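Everything on this sheet refers to the single structure shown next.
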Amino acid sequence: MHNGGQSNMNRKHQHRSHSPVTRRSFLKTGALITAGIASLSLSARAQVNKNSKLRILQIGVGGVGSMQRNGLKDHPMIEWAGFCDVDSRQLESIKKQHPNAWTLADYREAFANKINDFDAVILDAPDFHHAPVMLTAMKHNKHIYGQKPLVHQLAELRMIRDGLKARPNLVTQMGNQRACNKGRMVSVEILRKNQLGRPVEAYVWTGGVSRGFYFTDPWSSYPEAKPVPDYLNWDLWRGPLTGDMPYSEDLAPRRWRAFWETGGGQLADWGCHLLDLLYFAYDLPSPEAVITHTPKPSNTGHTAHNQSTITYPGGGKFAREKFVVRYNDDALLPSFAALGLPPMKPAANHTMVVCEEGTLLLQADGALKIFRKGQEVKDEPQPEVAPRNHWKDWADNCLGDKKPLWTPFDIGWRITEPALLAVKATRFPGQELRWDAANFKFSNHDKANGEIVSRNYREGFAPPAVS
């Protein structure tokens with residue numbers, strides 16, 4: 001294990017590395033020949049880890065990154081091997097907290113030069129970095145904790161799916177910590193058992209979209225370019241983006257969510273926290289179609305006042321031939337009168353599932369209400385659920401234990417799929433796009449296939465193939 005300072009760790013790495021790969025060759029080819037523990041099978045590494053610590057590289061230190069570290073704070077068997085961030089202030093701060101860890105600005109250097117120094121990766125970078133980083137980690141047999149939405153492009157869903165097939169023993173977890181709240185776990189069991197009858201339809205809504213901590217106003221253009229601060233490596237922040245992008249505080253460090261090239265707006269940002277209930281409860285297949293109504297198409301910035309209809313195959317465990325999810329932002333509520341429900345005005349970020357015998361209303365953080373015959377039921381039986389720890393359960397599985405995980409990538413990419421479909425469809429307002437999930441394309445819209453399914457990547461930053 002690596003308990004010494006940074007210089008000792010570097011010397012240890014130099015002495016034991018058998019790989020001729022250098023940072024230069026890695027950045028040129030994206031390939032790496034691994035050695036030591038990193039090249040062991042995952043089962044062999046699990047056996048090693050039962051008697052040693054899980055060494056973690058965190059990519060993206062600030063913001064939500066601190067939440068992940070706090071989630072693992074008291075775990076006795078994890079060790080922070082290294083930290084990567086394009087903001088030198090974040091690296092200086094984290095180095096004071098973890099003086100034995102190494103720090104880098106460019107995550108690719110960790111895979112090129114420190115591959116034997118870590119077993120797992122926690123990714124807390126903006127959405128457009130997700131697929132390149134996570135697939136690089138998969139390629140090199142690293143367990144992964146990745147933020148939501150899992151990827152930024154529809155085509156990247158296939159990359160993740162295929163990567164998982166090539167690396168079935170990797171332990172993965174999407175940053176969907178709310179799924180472990182008791183109210184959400186109880187809701188899954190109520191729906192899974194058809195306690196309220198078969199599902200009829202679902203309504204999901206997020207909050208408003210306006211300038212604030214995480215977002216700019218909708219349909220925003222890039223602001224006028226400002227000088228890049230000395231502490232920020234803007235070239236690395238841009239990463240896989242091929243086009244030039246002017247620096248401003250409206251992009252970094254956190255309002256990137258509001259822009260088409262870098263984030264997914266409200267619909268993608270909240271989708272995995274709200275649509276996940278339906279996947280956990282009903283093991284939904286891929287959607288068949290999506291149509292999003294919005295006042296005008298998205299441009300440089302994402303839209304608002306979005307009303308999206310996502311259609312799934314139904315029948316069988318569903319009450320209708322199609323299962324329909326209406327997914328809105330701006331807290332656009334359904335008509336409760338039309339659904340036979342009492343007057344109410346729930347806040348933002350809710351999932352409501354209408355079933356044959358009742359309705360379940362669930363707030364993002366787990367507050368739960370049940371309605372039967374048009375009235376709220378105060379004494380609805382609640383199934384027992386075992387407590388879960390979102391972060392520590394992931395780490396324990398990486399260390400060889402077998403614990404249930406709520407959102408491994410094999411369901412995480414499927415939960416991300418409808419969120420991306422809803423937001424990408426804002427480029428074609430009011431046009432129904434038929435989704436051919438088997439081939440990851442739209443069967444009725446060639447222009448959409450050319451514009452909203454995939455992206456080009458800057459050389460040196462493309463997601464690698466995993467085989």
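We name chains A, B, ... following the order of the structure tokens; residues begin at 1 in each chain, and ligands are numbered from 1 as shown.
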Non-local contacts of Asn449 of chain A (12 Å; only C-alpha atoms; under 6 positions in same chain excluded) as a compact mmCIF listing (two decimals) with C-alpha atoms, in the first residue's frame:
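Resulting contents of around01.txt:
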# COMPACT_ATOMS: atom_id res chain seq x y z
CA GLN A 153 -24.80 11.68 -25.88
CA LEU A 154 -27.27 8.99 -26.94
CA ALA A 155 -24.53 7.15 -28.84
CA LEU A 421 -34.19 11.50 -25.34
CA LYS A 424 -32.29 16.05 -27.21
CA ALA A 425 -35.79 16.21 -28.69
CA ARG A 427 -33.99 20.47 -31.05
CA PHE A 428 -37.13 19.32 -32.88
CA LEU A 433 -39.12 10.82 -32.81
CA ARG A 434 -39.41 7.03 -33.04
CA TRP A 435 -36.49 5.50 -31.13
CA ASP A 436 -34.95 2.32 -32.54
CA ASN A 439 -29.67 0.30 -33.27
CA PHE A 440 -29.47 3.51 -31.22
CA LYS A 441 -31.06 5.69 -33.88
CA PHE A 442 -34.38 7.25 -34.84
CA SER A 443 -36.30 5.22 -37.40
CA ARG A 455 -20.79 14.06 -31.37
Apply DSSP to the structure's backbone, then extract all residues of segment 107-299 of chain A labelled strand (DSSP E) and return them as a VMD selection string. chain A and resid 120 to 123 143 to 146 172 to 174 199 to 205 289 to 293
Check segment 254-324 of chain A with DSSP on the backbone and list each residue it calls helix (DSSP H, G or I), as a PDB file with C-alpha atoms, in the first residue's frame.
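For reference, states_31.pdb as written:
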ATOM      1  CA  ARG A 255     -23.259  26.664 -15.035  1.00  0.00           C
ATOM      2  CA  TRP A 256     -22.115  24.391 -17.885  1.00  0.00           C
ATOM      3  CA  ARG A 257     -25.355  22.454 -17.238  1.00  0.00           C
ATOM      4  CA  ALA A 258     -27.299  25.129 -19.098  1.00  0.00           C
ATOM      5  CA  GLY A 265     -30.411  21.270 -18.876  1.00  0.00           C
ATOM      6  CA  GLN A 266     -32.969  20.495 -16.176  1.00  0.00           C
ATOM      7  CA  LEU A 267     -34.356  17.420 -17.929  1.00  0.00           C
ATOM      8  CA  ALA A 268     -31.051  15.541 -18.016  1.00  0.00           C
ATOM      9  CA  ASP A 269     -29.798  16.932 -14.717  1.00  0.00           C
ATOM     10  CA  TRP A 270     -32.800  15.647 -12.742  1.00  0.00           C
ATOM     11  CA  GLY A 271     -33.933  12.758 -14.917  1.00  0.00           C
ATOM     12  CA  CYS A 272     -31.907  10.043 -13.214  1.00  0.00           C
ATOM     13  CA  HIS A 273     -33.181  11.154  -9.784  1.00  0.00           C
ATOM     14  CA  LEU A 274     -36.835  11.049 -10.858  1.00  0.00           C
ATOM     15  CA  ASP A 276     -35.223   5.838 -11.768  1.00  0.00           C
ATOM     16  CA  LEU A 277     -38.258   4.813  -9.669  1.00  0.00           C
ATOM     17  CA  LEU A 278     -39.977   3.478 -12.785  1.00  0.00           C
ATOM     18  CA  TYR A 279     -36.960   1.415 -13.792  1.00  0.00           C
ATOM     19  CA  PHE A 280     -36.390  -0.065 -10.349  1.00  0.00           C
ATOM     20  CA  ALA A 281     -40.048  -0.948  -9.965  1.00  0.00           C
ATOM     21  CA  TYR A 282     -40.896  -2.156 -13.467  1.00  0.00           C
TER      22      TYR A 282
END
Closest-contact table, segment 159-224 of chain A side, partner segment 312-317 of chain A, 12 Å, counting only C-alpha atoms, as JSON lines:
{"residue": "A:Leu191", "atom": "CA", "partner": "A:Lys317", "partner_atom": "CA", "distance": 10.9}
{"residue": "A:Arg192", "atom": "CA", "partner": "A:Lys317", "partner_atom": "CA", "distance": 9.9}
{"residue": "A:Lys193", "atom": "CA", "partner": "A:Lys317", "partner_atom": "CA", "distance": 10.6}
{"residue": "A:Asn194", "atom": "CA", "partner": "A:Lys317", "partner_atom": "CA", "distance": 8.9}
{"residue": "A:Gly197", "atom": "CA", "partner": "A:Lys317", "partner_atom": "CA", "distance": 9.4}
{"residue": "A:Arg198", "atom": "CA", "partner": "A:Lys317", "partner_atom": "CA", "distance": 6.2}
{"residue": "A:Pro199", "atom": "CA", "partner": "A:Lys317", "partner_atom": "CA", "distance": 7.6}
{"residue": "A:Val200", "atom": "CA", "partner": "A:Gly314", "partner_atom": "CA", "distance": 9.2}
{"residue": "A:Glu201", "atom": "CA", "partner": "A:Gly314", "partner_atom": "CA", "distance": 10.0}
{"residue": "A:Ala202", "atom": "CA", "partner": "A:Tyr312", "partner_atom": "CA", "distance": 11.2}
Take the selection from the previous step and output its residues with C-alpha atoms, as a PDB file, in the first residue's frame.
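Result file is again.pdb:
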ATOM      1  CA  LEU A 191     -44.958  -0.512  -7.057  1.00  0.00           C
ATOM      2  CA  ARG A 192     -43.013  -3.693  -7.697  1.00  0.00           C
ATOM      3  CA  LYS A 193     -45.585  -5.710  -5.734  1.00  0.00           C
ATOM      4  CA  ASN A 194     -48.502  -3.980  -7.522  1.00  0.00           C
ATOM      5  CA  GLY A 197     -52.639  -2.395  -8.941  1.00  0.00           C
ATOM      6  CA  ARG A 198     -50.998  -2.379 -12.318  1.00  0.00           C
ATOM      7  CA  PRO A 199     -49.417   0.888 -13.506  1.00  0.00           C
ATOM      8  CA  VAL A 200     -51.457   3.028 -15.894  1.00  0.00           C
ATOM      9  CA  GLU A 201     -49.212   6.045 -16.560  1.00  0.00           C
ATOM     10  CA  ALA A 202     -46.639   8.283 -14.867  1.00  0.00           C
TER      11      ALA A 202
END
Which residues, written as an MDAnalysis selection string, have at least one atom at most 10 Å from segment 69-72 of chain A, with only C-alpha atoms counted and residues fewer than 2 positions away on the same chain left out? chainID A and resid 58 61 64:67 74:80 122 177 389:395
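With distances restricted to only C-alpha atoms, A:Arg184 is the closest residue to Leu275 of chain A from A:Lys226, A:Arg184, A:Arg211, A:His98.
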